[in-house]
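Below is one structure, written out as structure tokens; comments come after it.
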Amino acid sequence: MTDIVETIVNCDGVSVFYGENRAINNISIDIGKQSITAFIGPSGCGKSTFLRTINRMNDTIEGCRIEGRVTVDGQDIYDASVDVVPLRAKVGMVFQKPNPFPKTIYENVAYGPRIHGLARNKSQLDDIVEKALTGAGLWAEVRDRLQDSGTSLSGGQQQRLCIARTIAVEPQIILMDEPCSALDPIATSKIEALMSELSNEYTIIIVTHSMQQAARVSQKTAYFHLGNLIEYGDTKEIFVRPKDPQTEAYISGKIG
Amino acid sequence: MTQEHINAAFDEDLDQLDKLITTMGNLALSQFIAVIDGLSDESVELKSLISNDKKIDALETEIYNKTVEIIAIRSPQANDLRRIITAPKIASFLERIGDYSKNIIKRRSMMMVEESDLAILEKLNGISGIARELLVDVLDSLARLDASKARLVWEGDVELDAQHSIVYKRIYRRMVEKGSSPAEINALFIAKNIERIGDYCTSIAEQVYFIVNGEMLDEKRPKANNIL
């Protein structure tokens with residue numbers, strides 16, 4: 001297994017409950033800094049739930065309760081003193097369906113830095129917007145139409161706008177929940193190429209149903225089944241010689 | 001893997017690929033058995049062996065094309081991927097075995113067997129018997145995906161190497177003592193071809209081991225003190 005150079009997310013004995021129902025069962029995992037980790041598994045296996053524990057998105061679900069410890073960059077994110085607003089800037093999220101605000105392209109990106117006080121003046125904000133759109137591979141396509149509505153863009157462009165919005169607030173980690181499932185193959189390729197570039201600066205964790213996508217973009221893959229972490233290792237190992245028969249059956253498209 | 005794919009068409013593709021390899025293996029084996037018979041029986045027809053060889057060549061192409069098609073359409077992973085990716089390699093080893101068999105019978109047809117050459121032929125028969133056993137066993141290990149049996153073939157080639165060395169030395173000594181004749185030169189080639197067939201059996205065995213275990217046999221293969 002390729003060693004994780006530096007751990008940024010450490011989960012220790014994490015269980016998640018929806019009421020009485022245990023959705024995640026005692027999972028421990030280390031995620032390496034500036035790398036791409038893929039979470040795979042059949043629908044309902046808990047991979048999205050687990051992803052959402054890393055920026056406390058499950059807090060918004062009534063009856064959801066977590067046991068165990070999750071640290072990001074050494075900080076226990078479930079500690080009572082933690083403010084979730086800066087946490088969710090530090091651990092950003094991109095969703096399955098592109099969800100730009102019904103505002104201009106410029107405002108979509110500028111909104112976060114403005115509320116987090118990252119810019120002292122308009123010129124600094126302009127710089128942040130340009131840098132984020134460039135980082136998301138969208139600047140060349142929208143530089144002349146920043147005042148157009150974000151929703152006027154194509155699906156793939158909207159998703160890259162959402163990525164720009166996420167990186168504008170200088171996160172350390174970007175969580176992606178099926179970011180390409182609503183996109184065509186060209187837009188998907190662009191997002192995947194972008195993910196590789198972004199991983200030089202950020203840590204990316206992606207939930208995907210596409211085995212090929214997991215194999216193409218990630219260095220590490222974790223296979224989840226029925227709320228358990230079945231296997232976690234180098235992506236190349238998982239897809240060539242998985243150790244667990246359950247992983248083998250899932251990635252080969254066999255009845256498990 | 002006994003488990004079936006959710007998409008049954010994938011299993012059909014894999015079955016087709018397996019059938020092509022089995023057919024090719026059987027052809028290579030029957031070709032070699034005919035060659036062994038031909039060593040002591042001059043009536044074996046060269047023509048039929050050559051037409052058999054053409055069928056083997058055509059199957060190699062068919063396996064190659066089927067492999068490309070399955071990879072493009074099914075995006076295989078893990079054990080499936082290993083089975084599929086090794087298919088053209090195994091096909092190419094079988095094609096070489098077919099080719100060496102053909103060459104053996106060509107060389108044999110050039111030999112004018114005299115009484116004094118019978119001893120040489122007997123020796124060649126001996127080593128071809130060992131090669132035949134290796135080929136039968138490796139094809140069986142491939143059909144059953146039996147890594148232990150594949151490993152035995154891989155280790156067993158040492159016996160063929162050792163016997164080949166003995167035959168080679170005998171023929172060589174005769175040539176030194178009595179002067180070389182076309183029969184002896186051809187016999188040397190035949191012996192070498194049989195020894196190479198054994199090597200291809202070990203190469204196939206390595207692929208079987210890889211399919212099952214996901215890693216190559218990384219130890220050093222046992223070797224006889226070969227003179228070549």
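Naming scheme: A, B, ... for chains in displayed order of the structure tokens; residues 1 onward per chain; ligands 1 onward as shown.
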Got a sec to pull out which chain A residues are within 10 Å of chain B, counting only C-alpha atoms, and send them as a CSV table (one decimal) with all heavy atoms, in the first residue's frame?
```
chain,number,residue,atom,x,y,z
A,211,MET,N,-17.3,2.9,-11.2
A,211,MET,CA,-16.1,2.2,-10.9
A,211,MET,C,-14.9,2.8,-11.7
A,211,MET,O,-13.8,3.0,-11.2
A,211,MET,CB,-16.2,0.7,-11.3
A,211,MET,CG,-17.2,-0.1,-10.6
A,211,MET,SD,-16.9,-0.1,-8.8
A,211,MET,CE,-18.1,1.2,-8.4
A,212,GLN,N,-15.3,3.1,-13.0
A,212,GLN,CA,-14.2,3.6,-13.9
A,212,GLN,C,-13.7,5.0,-13.4
A,212,GLN,O,-12.6,5.3,-13.4
A,212,GLN,CB,-14.7,3.7,-15.3
A,212,GLN,CG,-14.6,2.4,-16.1
A,212,GLN,CD,-15.6,1.4,-15.5
A,212,GLN,OE1,-16.8,1.7,-15.3
A,212,GLN,NE2,-15.2,0.2,-15.2
A,215,ALA,N,-11.5,4.5,-10.4
A,215,ALA,CA,-10.2,3.9,-10.9
A,215,ALA,C,-9.4,5.0,-11.6
A,215,ALA,O,-8.2,5.1,-11.4
A,215,ALA,CB,-10.5,2.7,-11.8
A,236,LYS,N,-5.1,1.1,-7.3
A,236,LYS,CA,-4.6,0.1,-8.2
A,236,LYS,C,-4.7,-1.3,-7.7
A,236,LYS,O,-5.0,-2.2,-8.4
A,236,LYS,CB,-3.1,0.4,-8.5
A,236,LYS,CG,-2.9,1.6,-9.5
A,236,LYS,CD,-1.5,1.9,-9.7
A,236,LYS,CE,-1.3,3.2,-10.4
A,236,LYS,NZ,0.0,3.8,-10.4
A,237,GLU,N,-4.5,-1.4,-6.4
A,237,GLU,CA,-4.6,-2.8,-5.8
A,237,GLU,C,-6.1,-3.2,-5.8
A,237,GLU,O,-6.4,-4.3,-6.1
A,237,GLU,CB,-4.1,-2.8,-4.3
A,237,GLU,CG,-2.6,-2.7,-4.3
A,237,GLU,CD,-1.9,-4.0,-4.7
A,237,GLU,OE1,-2.4,-5.1,-4.3
A,237,GLU,OE2,-1.0,-3.9,-5.5
A,238,ILE,N,-7.0,-2.2,-5.3
A,238,ILE,CA,-8.4,-2.6,-5.2
A,238,ILE,C,-9.0,-3.0,-6.6
A,238,ILE,O,-9.8,-4.0,-6.6
A,238,ILE,CB,-9.2,-1.3,-4.7
A,238,ILE,CG1,-8.7,-0.9,-3.3
A,238,ILE,CG2,-10.7,-1.6,-4.8
A,238,ILE,CD1,-9.3,-1.6,-2.1
A,239,PHE,N,-8.5,-2.4,-7.6
A,239,PHE,CA,-9.1,-2.8,-8.9
A,239,PHE,C,-8.4,-3.9,-9.7
A,239,PHE,O,-8.9,-4.4,-10.7
A,239,PHE,CB,-9.3,-1.5,-9.8
A,239,PHE,CG,-10.4,-0.6,-9.4
A,239,PHE,CD1,-10.2,0.5,-8.6
A,239,PHE,CD2,-11.7,-0.9,-9.8
A,239,PHE,CE1,-11.2,1.3,-8.1
A,239,PHE,CE2,-12.7,-0.1,-9.3
A,239,PHE,CZ,-12.5,1.0,-8.5
A,240,VAL,N,-7.2,-4.2,-9.2
A,240,VAL,CA,-6.5,-5.3,-9.9
A,240,VAL,C,-6.6,-6.6,-9.0
A,240,VAL,O,-6.9,-7.7,-9.6
A,240,VAL,CB,-5.0,-5.0,-10.2
A,240,VAL,CG1,-4.3,-6.1,-10.8
A,240,VAL,CG2,-5.0,-3.8,-11.1
A,241,ARG,N,-6.3,-6.5,-7.8
A,241,ARG,CA,-6.4,-7.7,-6.9
A,241,ARG,C,-7.0,-7.3,-5.5
A,241,ARG,O,-6.2,-7.3,-4.5
A,241,ARG,CB,-5.0,-8.3,-6.8
A,241,ARG,CG,-3.9,-7.3,-6.5
A,241,ARG,CD,-2.5,-7.9,-6.6
A,241,ARG,NE,-1.7,-6.8,-6.9
A,241,ARG,CZ,-1.0,-6.6,-8.0
A,241,ARG,NH1,-1.1,-7.5,-9.0
A,241,ARG,NH2,-0.3,-5.6,-8.3
A,242,PRO,N,-8.3,-7.1,-5.5
A,242,PRO,CA,-8.9,-6.8,-4.2
A,242,PRO,C,-8.7,-8.0,-3.3
A,242,PRO,O,-8.7,-9.1,-3.7
A,242,PRO,CB,-10.4,-6.6,-4.6
A,242,PRO,CG,-10.6,-7.3,-5.9
A,242,PRO,CD,-9.2,-7.2,-6.6
A,243,LYS,N,-8.6,-7.7,-2.0
A,243,LYS,CA,-8.4,-8.8,-1.0
A,243,LYS,C,-9.7,-9.4,-0.6
A,243,LYS,O,-9.7,-10.6,-0.3
A,243,LYS,CB,-7.6,-8.2,0.2
A,243,LYS,CG,-6.2,-7.9,-0.2
A,243,LYS,CD,-5.4,-7.5,1.0
A,243,LYS,CE,-3.9,-7.1,0.7
A,243,LYS,NZ,-3.8,-5.9,-0.2
A,247,THR,N,-15.5,-7.1,-2.1
A,247,THR,CA,-15.1,-6.0,-3.0
A,247,THR,C,-15.0,-6.5,-4.4
A,247,THR,O,-15.4,-5.9,-5.4
A,247,THR,CB,-13.7,-5.5,-2.6
A,247,THR,OG1,-13.6,-5.4,-1.1
A,247,THR,CG2,-13.3,-4.2,-3.2
A,248,GLU,N,-14.4,-7.7,-4.6
A,248,GLU,CA,-14.2,-8.3,-5.9
A,248,GLU,C,-15.6,-8.4,-6.6
A,248,GLU,O,-15.8,-8.0,-7.8
A,248,GLU,CB,-13.6,-9.7,-5.7
A,248,GLU,CG,-13.7,-10.6,-6.9
A,248,GLU,CD,-12.5,-10.6,-7.8
A,248,GLU,OE1,-11.4,-10.5,-7.2
A,248,GLU,OE2,-12.6,-10.6,-9.0
A,249,ALA,N,-16.6,-8.9,-5.9
A,249,ALA,CA,-17.9,-9.1,-6.5
A,249,ALA,C,-18.5,-7.8,-6.9
A,249,ALA,O,-19.1,-7.7,-8.0
A,249,ALA,CB,-18.8,-9.8,-5.5
A,250,TYR,N,-18.4,-6.8,-6.0
A,250,TYR,CA,-19.0,-5.5,-6.3
A,250,TYR,C,-18.3,-4.8,-7.6
A,250,TYR,O,-19.0,-4.4,-8.5
A,250,TYR,CB,-18.9,-4.5,-5.1
A,250,TYR,CG,-19.5,-3.2,-5.4
A,250,TYR,CD1,-20.9,-3.1,-5.6
A,250,TYR,CD2,-18.7,-2.1,-5.6
A,250,TYR,CE1,-21.5,-1.9,-5.9
A,250,TYR,CE2,-19.3,-0.8,-5.9
A,250,TYR,CZ,-20.7,-0.7,-6.1
A,250,TYR,OH,-21.2,0.5,-6.4
A,251,ILE,N,-17.0,-4.8,-7.6
A,251,ILE,CA,-16.4,-4.1,-8.7
A,251,ILE,C,-16.4,-4.8,-10.0
A,251,ILE,O,-16.3,-4.3,-11.0
A,251,ILE,CB,-14.9,-3.7,-8.4
A,251,ILE,CG1,-14.0,-4.9,-8.2
A,251,ILE,CG2,-14.8,-2.7,-7.2
A,251,ILE,CD1,-12.5,-4.6,-8.1
A,252,SER,N,-16.7,-6.1,-9.9
A,252,SER,CA,-16.8,-6.9,-11.1
A,252,SER,C,-18.2,-7.0,-11.6
A,252,SER,O,-18.5,-7.7,-12.6
A,252,SER,CB,-16.3,-8.4,-10.9
A,252,SER,OG,-15.0,-8.3,-10.4
A,253,GLY,N,-19.2,-6.4,-10.9
A,253,GLY,CA,-20.6,-6.4,-11.3
A,253,GLY,C,-21.2,-7.8,-11.1
A,253,GLY,O,-21.9,-8.3,-12.0
A,254,LYS,N,-20.8,-8.5,-10.0
A,254,LYS,CA,-21.4,-9.8,-9.8
A,254,LYS,C,-22.4,-9.8,-8.6
A,254,LYS,O,-22.3,-8.9,-7.8
A,254,LYS,CB,-20.3,-10.8,-9.4
A,254,LYS,CG,-19.4,-11.1,-10.6
A,254,LYS,CD,-18.2,-11.9,-10.3
A,254,LYS,CE,-17.3,-12.1,-11.5
A,254,LYS,NZ,-16.0,-12.7,-11.1
A,255,ILE,N,-23.3,-10.8,-8.7
A,255,ILE,CA,-24.3,-10.8,-7.6
A,255,ILE,C,-23.6,-11.2,-6.3
A,255,ILE,O,-22.9,-12.3,-6.3
A,255,ILE,CB,-25.4,-11.8,-7.9
A,255,ILE,CG1,-26.1,-11.3,-9.2
A,255,ILE,CG2,-26.4,-12.0,-6.8
A,255,ILE,CD1,-26.9,-12.4,-9.9
A,256,GLY,N,-23.6,-10.4,-5.3
A,256,GLY,CA,-22.8,-10.6,-4.1
A,256,GLY,C,-23.6,-11.5,-3.1
A,256,GLY,O,-24.8,-11.8,-3.2
```
>> Report as a PyMOL selection string all protein, DNA and RNA residues lying within 9 Å of Asn103 in chain B, evaluated on only C-alpha atoms, omitting residues in the same chain fewer than 6 positions from it.
In response: chain B and resi 189-190+193
Hey, can you spit out that residue selection with all heavy atoms as a PDB file, in the first residue's frame?
```
ATOM      1  N   PHE B 189      18.162 -29.750 -33.661  1.00  0.00           N
ATOM      2  CA  PHE B 189      17.092 -28.741 -33.777  1.00  0.00           C
ATOM      3  C   PHE B 189      15.794 -29.246 -33.135  1.00  0.00           C
ATOM      4  O   PHE B 189      15.101 -28.513 -32.435  1.00  0.00           O
ATOM      5  CB  PHE B 189      16.837 -28.383 -35.248  1.00  0.00           C
ATOM      6  CG  PHE B 189      17.765 -27.303 -35.745  1.00  0.00           C
ATOM      7  CD1 PHE B 189      18.802 -27.595 -36.619  1.00  0.00           C
ATOM      8  CD2 PHE B 189      17.582 -25.983 -35.341  1.00  0.00           C
ATOM      9  CE1 PHE B 189      19.650 -26.605 -37.076  1.00  0.00           C
ATOM     10  CE2 PHE B 189      18.435 -24.982 -35.805  1.00  0.00           C
ATOM     11  CZ  PHE B 189      19.469 -25.288 -36.668  1.00  0.00           C
ATOM     12  N   ILE B 190      15.492 -30.516 -33.419  1.00  0.00           N
ATOM     13  CA  ILE B 190      14.251 -31.086 -32.874  1.00  0.00           C
ATOM     14  C   ILE B 190      14.290 -31.050 -31.336  1.00  0.00           C
ATOM     15  O   ILE B 190      13.338 -30.635 -30.683  1.00  0.00           O
ATOM     16  CB  ILE B 190      14.029 -32.526 -33.386  1.00  0.00           C
ATOM     17  CG1 ILE B 190      13.691 -32.493 -34.881  1.00  0.00           C
ATOM     18  CG2 ILE B 190      12.924 -33.237 -32.602  1.00  0.00           C
ATOM     19  CD1 ILE B 190      13.621 -33.856 -35.549  1.00  0.00           C
ATOM     20  N   ASN B 193      13.702 -27.610 -30.120  1.00  0.00           N
ATOM     21  CA  ASN B 193      12.297 -27.200 -30.258  1.00  0.00           C
ATOM     22  C   ASN B 193      11.426 -27.801 -29.152  1.00  0.00           C
ATOM     23  O   ASN B 193      10.541 -27.126 -28.613  1.00  0.00           O
ATOM     24  CB  ASN B 193      11.740 -27.631 -31.628  1.00  0.00           C
ATOM     25  CG  ASN B 193      12.282 -26.753 -32.749  1.00  0.00           C
ATOM     26  OD1 ASN B 193      12.927 -25.740 -32.494  1.00  0.00           O
ATOM     27  ND2 ASN B 193      12.042 -27.144 -33.981  1.00  0.00           N
TER      28      ASN B 193
END
```
Hey, what's within 12 Å of Glu195 in chain B if we count only C-alpha atoms and toss same-chain stuff fewer than 3 positions away? As a short mmCIF file (atom, residue, chain, number, x, y, z; two decimals) with N, CA and C atoms, in the first residue's frame, please?
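Dumped everything to result02.cif:
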```
data_model
loop_
_atom_site.label_atom_id
_atom_site.label_comp_id
_atom_site.auth_asym_id
_atom_site.auth_seq_id
_atom_site.Cartn_x
_atom_site.Cartn_y
_atom_site.Cartn_z
N ILE B 97 3.87 -22.81 -29.60
CA ILE B 97 3.93 -24.27 -29.43
C ILE B 97 3.53 -24.95 -30.75
N TYR B 100 6.44 -24.52 -33.26
CA TYR B 100 7.58 -25.40 -32.97
C TYR B 100 7.25 -26.84 -33.37
N SER B 101 5.99 -27.24 -33.13
CA SER B 101 5.58 -28.60 -33.50
C SER B 101 5.73 -28.80 -35.01
N ILE B 104 9.29 -29.16 -35.94
CA ILE B 104 9.84 -30.47 -35.59
C ILE B 104 9.55 -31.47 -36.70
N LEU B 124 14.78 -38.64 -28.44
CA LEU B 124 13.88 -37.52 -28.72
C LEU B 124 12.46 -37.87 -28.27
N GLY B 126 11.74 -39.73 -25.82
CA GLY B 126 11.74 -39.62 -24.36
C GLY B 126 11.45 -38.20 -23.91
N ILE B 127 12.18 -37.23 -24.48
CA ILE B 127 11.98 -35.84 -24.00
C ILE B 127 10.65 -35.28 -24.51
N SER B 128 10.20 -35.75 -25.68
CA SER B 128 8.91 -35.23 -26.15
C SER B 128 7.77 -35.72 -25.25
N GLY B 129 7.96 -36.90 -24.64
CA GLY B 129 6.96 -37.43 -23.71
C GLY B 129 6.84 -36.52 -22.48
N ILE B 130 8.00 -36.04 -22.01
CA ILE B 130 7.96 -35.14 -20.83
C ILE B 130 7.25 -33.83 -21.22
N ALA B 131 7.60 -33.30 -22.42
CA ALA B 131 6.97 -32.05 -22.87
C ALA B 131 5.47 -32.22 -23.03
N ARG B 132 5.08 -33.38 -23.53
CA ARG B 132 3.65 -33.65 -23.72
C ARG B 132 2.91 -33.60 -22.38
N LEU B 134 3.80 -32.01 -19.72
CA LEU B 134 3.74 -30.61 -19.26
C LEU B 134 2.60 -29.86 -19.95
N LEU B 135 2.48 -30.11 -21.26
CA LEU B 135 1.44 -29.40 -22.03
C LEU B 135 0.04 -29.82 -21.58
N ASP B 157 9.37 -28.31 -15.40
CA ASP B 157 10.13 -28.12 -16.63
C ASP B 157 11.62 -28.41 -16.43
N VAL B 158 12.07 -28.38 -15.19
CA VAL B 158 13.48 -28.64 -14.90
C VAL B 158 13.88 -30.04 -15.39
N GLU B 159 12.94 -30.99 -15.30
CA GLU B 159 13.23 -32.36 -15.73
C GLU B 159 13.45 -32.40 -17.24
N LEU B 160 12.61 -31.64 -17.96
CA LEU B 160 12.76 -31.59 -19.42
C LEU B 160 14.11 -30.96 -19.78
N ASP B 161 14.45 -29.88 -19.08
CA ASP B 161 15.75 -29.23 -19.34
C ASP B 161 16.90 -30.20 -19.13
N ALA B 162 16.80 -30.97 -18.04
CA ALA B 162 17.88 -31.90 -17.71
C ALA B 162 18.02 -32.98 -18.78
N GLN B 163 16.87 -33.54 -19.20
CA GLN B 163 16.90 -34.60 -20.22
C GLN B 163 17.36 -34.05 -21.56
N HIS B 164 16.97 -32.82 -21.85
CA HIS B 164 17.41 -32.18 -23.10
C HIS B 164 18.93 -32.05 -23.11
N SER B 165 19.50 -31.68 -21.97
CA SER B 165 20.96 -31.54 -21.89
C SER B 165 21.66 -32.87 -22.18
N ILE B 166 21.06 -33.93 -21.63
CA ILE B 166 21.68 -35.26 -21.82
C ILE B 166 21.64 -35.64 -23.30
N VAL B 167 20.46 -35.43 -23.92
CA VAL B 167 20.31 -35.78 -25.35
C VAL B 167 21.28 -34.94 -26.18
N TYR B 168 21.33 -33.67 -25.86
CA TYR B 168 22.20 -32.77 -26.62
C TYR B 168 23.65 -33.25 -26.55
N LEU B 188 19.36 -32.24 -33.39
CA LEU B 188 19.68 -31.18 -32.43
C LEU B 188 18.59 -30.10 -32.44
N PHE B 189 18.16 -29.75 -33.66
CA PHE B 189 17.09 -28.74 -33.78
C PHE B 189 15.79 -29.25 -33.14
N ILE B 190 15.49 -30.52 -33.42
CA ILE B 190 14.25 -31.09 -32.87
C ILE B 190 14.29 -31.05 -31.34
N ALA B 191 15.43 -31.47 -30.80
CA ALA B 191 15.56 -31.49 -29.33
C ALA B 191 15.36 -30.09 -28.76
N LYS B 192 15.95 -29.11 -29.43
CA LYS B 192 15.83 -27.73 -28.94
C LYS B 192 14.37 -27.26 -29.02
N GLY B 198 8.52 -26.86 -23.80
CA GLY B 198 8.45 -26.93 -22.32
C GLY B 198 8.49 -25.54 -21.71
N ASP B 199 9.37 -24.68 -22.26
CA ASP B 199 9.46 -23.31 -21.74
C ASP B 199 8.13 -22.57 -21.89
N TYR B 200 7.46 -22.77 -23.04
CA TYR B 200 6.17 -22.09 -23.24
C TYR B 200 5.11 -22.63 -22.27
N CYS B 201 5.22 -23.92 -21.93
CA CYS B 201 4.29 -24.47 -20.93
C CYS B 201 4.48 -23.74 -19.60
N THR B 202 5.72 -23.48 -19.23
CA THR B 202 5.95 -22.76 -17.96
C THR B 202 5.44 -21.32 -18.06
N ALA B 224 17.80 -26.76 -14.75
CA ALA B 224 18.81 -27.81 -14.85
C ALA B 224 20.07 -27.14 -15.37
N ASN B 226 21.87 -26.31 -17.84
CA ASN B 226 21.67 -26.34 -19.28
C ASN B 226 22.97 -25.99 -20.01
N LEU B 228 22.89 -24.83 -23.08
CA LEU B 228 22.64 -23.79 -24.08
C LEU B 228 22.23 -22.49 -23.43
#
```
>> Using DSSP secondary structure from the backbone, list all strand (DSSP E) positions within range 28-247 of chain A, as JSON, numbers by chain.
In response: {"A": [28, 29, 30, 31, 32, 36, 37, 38, 39, 40, 64, 65, 66, 67, 68, 69, 70, 71, 72, 75, 76, 91, 92, 93, 94, 173, 174, 175, 176, 177, 203, 204, 205, 206, 207, 220, 221, 222, 223, 224, 225, 228, 229, 230, 231, 232, 233, 234]}
Give me the residues near Ser210 in chain A as a PDB file with N, CA, C and O atoms, in the first residue's frame, where near means some atom within 9 Å (using only C-alpha atoms) and where sequence neighbours in that chain fewer than 4 positions away do not count.
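Once written, result-v6.pdb looks like this:
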```pdb
ATOM      1  N   ILE A  40     -16.625   4.017  -2.592  1.00  0.00           N
ATOM      2  CA  ILE A  40     -17.525   3.285  -3.492  1.00  0.00           C
ATOM      3  C   ILE A  40     -18.356   2.276  -2.700  1.00  0.00           C
ATOM      4  O   ILE A  40     -17.988   1.917  -1.579  1.00  0.00           O
ATOM      5  N   GLU A 178     -20.976  12.320  -5.821  1.00  0.00           N
ATOM      6  CA  GLU A 178     -21.437  12.017  -7.190  1.00  0.00           C
ATOM      7  C   GLU A 178     -21.404  13.263  -8.079  1.00  0.00           C
ATOM      8  O   GLU A 178     -22.428  13.613  -8.668  1.00  0.00           O
ATOM      9  N   SER A 181     -22.562  12.689 -11.930  1.00  0.00           N
ATOM     10  CA  SER A 181     -23.630  11.772 -12.341  1.00  0.00           C
ATOM     11  C   SER A 181     -24.688  12.455 -13.200  1.00  0.00           C
ATOM     12  O   SER A 181     -25.445  11.794 -13.892  1.00  0.00           O
ATOM     13  N   ALA A 214     -13.791   6.054 -10.260  1.00  0.00           N
ATOM     14  CA  ALA A 214     -12.966   5.831  -9.062  1.00  0.00           C
ATOM     15  C   ALA A 214     -11.567   5.382  -9.480  1.00  0.00           C
ATOM     16  O   ALA A 214     -10.558   5.872  -8.974  1.00  0.00           O
ATOM     17  N   ALA A 215     -11.519   4.452 -10.434  1.00  0.00           N
ATOM     18  CA  ALA A 215     -10.226   3.927 -10.884  1.00  0.00           C
ATOM     19  C   ALA A 215      -9.401   5.005 -11.576  1.00  0.00           C
ATOM     20  O   ALA A 215      -8.183   5.062 -11.416  1.00  0.00           O
TER      21      ALA A 215
END
```
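Within the 10 Å cut-off around Lys19 in chain B, using only C-alpha atoms and omitting residues fewer than 6 positions from it on the same chain, the listed residues are Asp13, Gly25, Ile63 and Ala143 of chain B.
Counting from CA of Ala38 in chain A, the distance to CA of Val5 in chain A is 17.2 Å.
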> Can you list, as a PyMOL selection string, every protein, DNA or RNA residue that comes within 12 Å of Arg165 in chain A when you count only C-alpha atoms, leaving out same-chain residues fewer than 2 positions away?
Replying inline: chain A and resi 89+92-94+98-101+105-114+128-136+138+150+158-163+167-171+174
> Expressed in Å to a single decimal, how great is the separation between CA of Val82 in chain A and CA of Leu118 in chain A?
Replying inline: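 It comes out at 19.8 Å.
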> Out of A:Gln246, A:Leu146, A:Glu231, A:Asn55, which residue has the shortest atom-to-atom distance to Asp126 in chain A when counting only C-alpha atoms?
Replying inline: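 Answer, going by the shortest atom-to-atom distance: A:Leu146.
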> Among range 57-145 of chain A, which residues carry a DSSP assignment of helix (DSSP H, G or I), reported as a ChimeraX atom specification?
Replying inline: /A:57-60,84-90,105-115,122-135,139-142
> Any idea what's packed within 10 Å of Leu145 in chain B, counting only C-alpha atoms, ignoring anything in its chain fewer than 2 positions away? Could you give it as a list in words?
Replying inline: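 Neighbouring residues, sequence-local ones excluded: Met1, Arg83, Val138, Leu139, Asp140, Ser141, Leu142, Ala143, Ala147, Ser148, Lys149, Ala150, Ala205, Gln207, Val208, Tyr209, Phe210, Ile211 and Val212 of chain B.
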>> So the first atom is CA of Glu60 in chain B and the second is CA of Gln16 in chain B; what is the distance between them in Å, to one decimal place?
In response: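 Going from CA of Glu60 in chain B over to CA of Gln16 in chain B covers 13.5 Å.
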> Pick the closest to Ala91 in chain B from B:Ser181, B:Thr67, B:Ser51, B:Ser40: which is it, counting only C-alpha atoms?
Replying inline: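 Checking each candidate against Ala91 in chain B, we get B:Thr67 as the closest.
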> Which one of A:Gln34, A:Asp148, A:Ile173, A:Ser189 sits closest to Val72 in chain A if you count only C-alpha atoms?
Replying inline: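 The closest residue to Val72 in chain A is A:Ile173.
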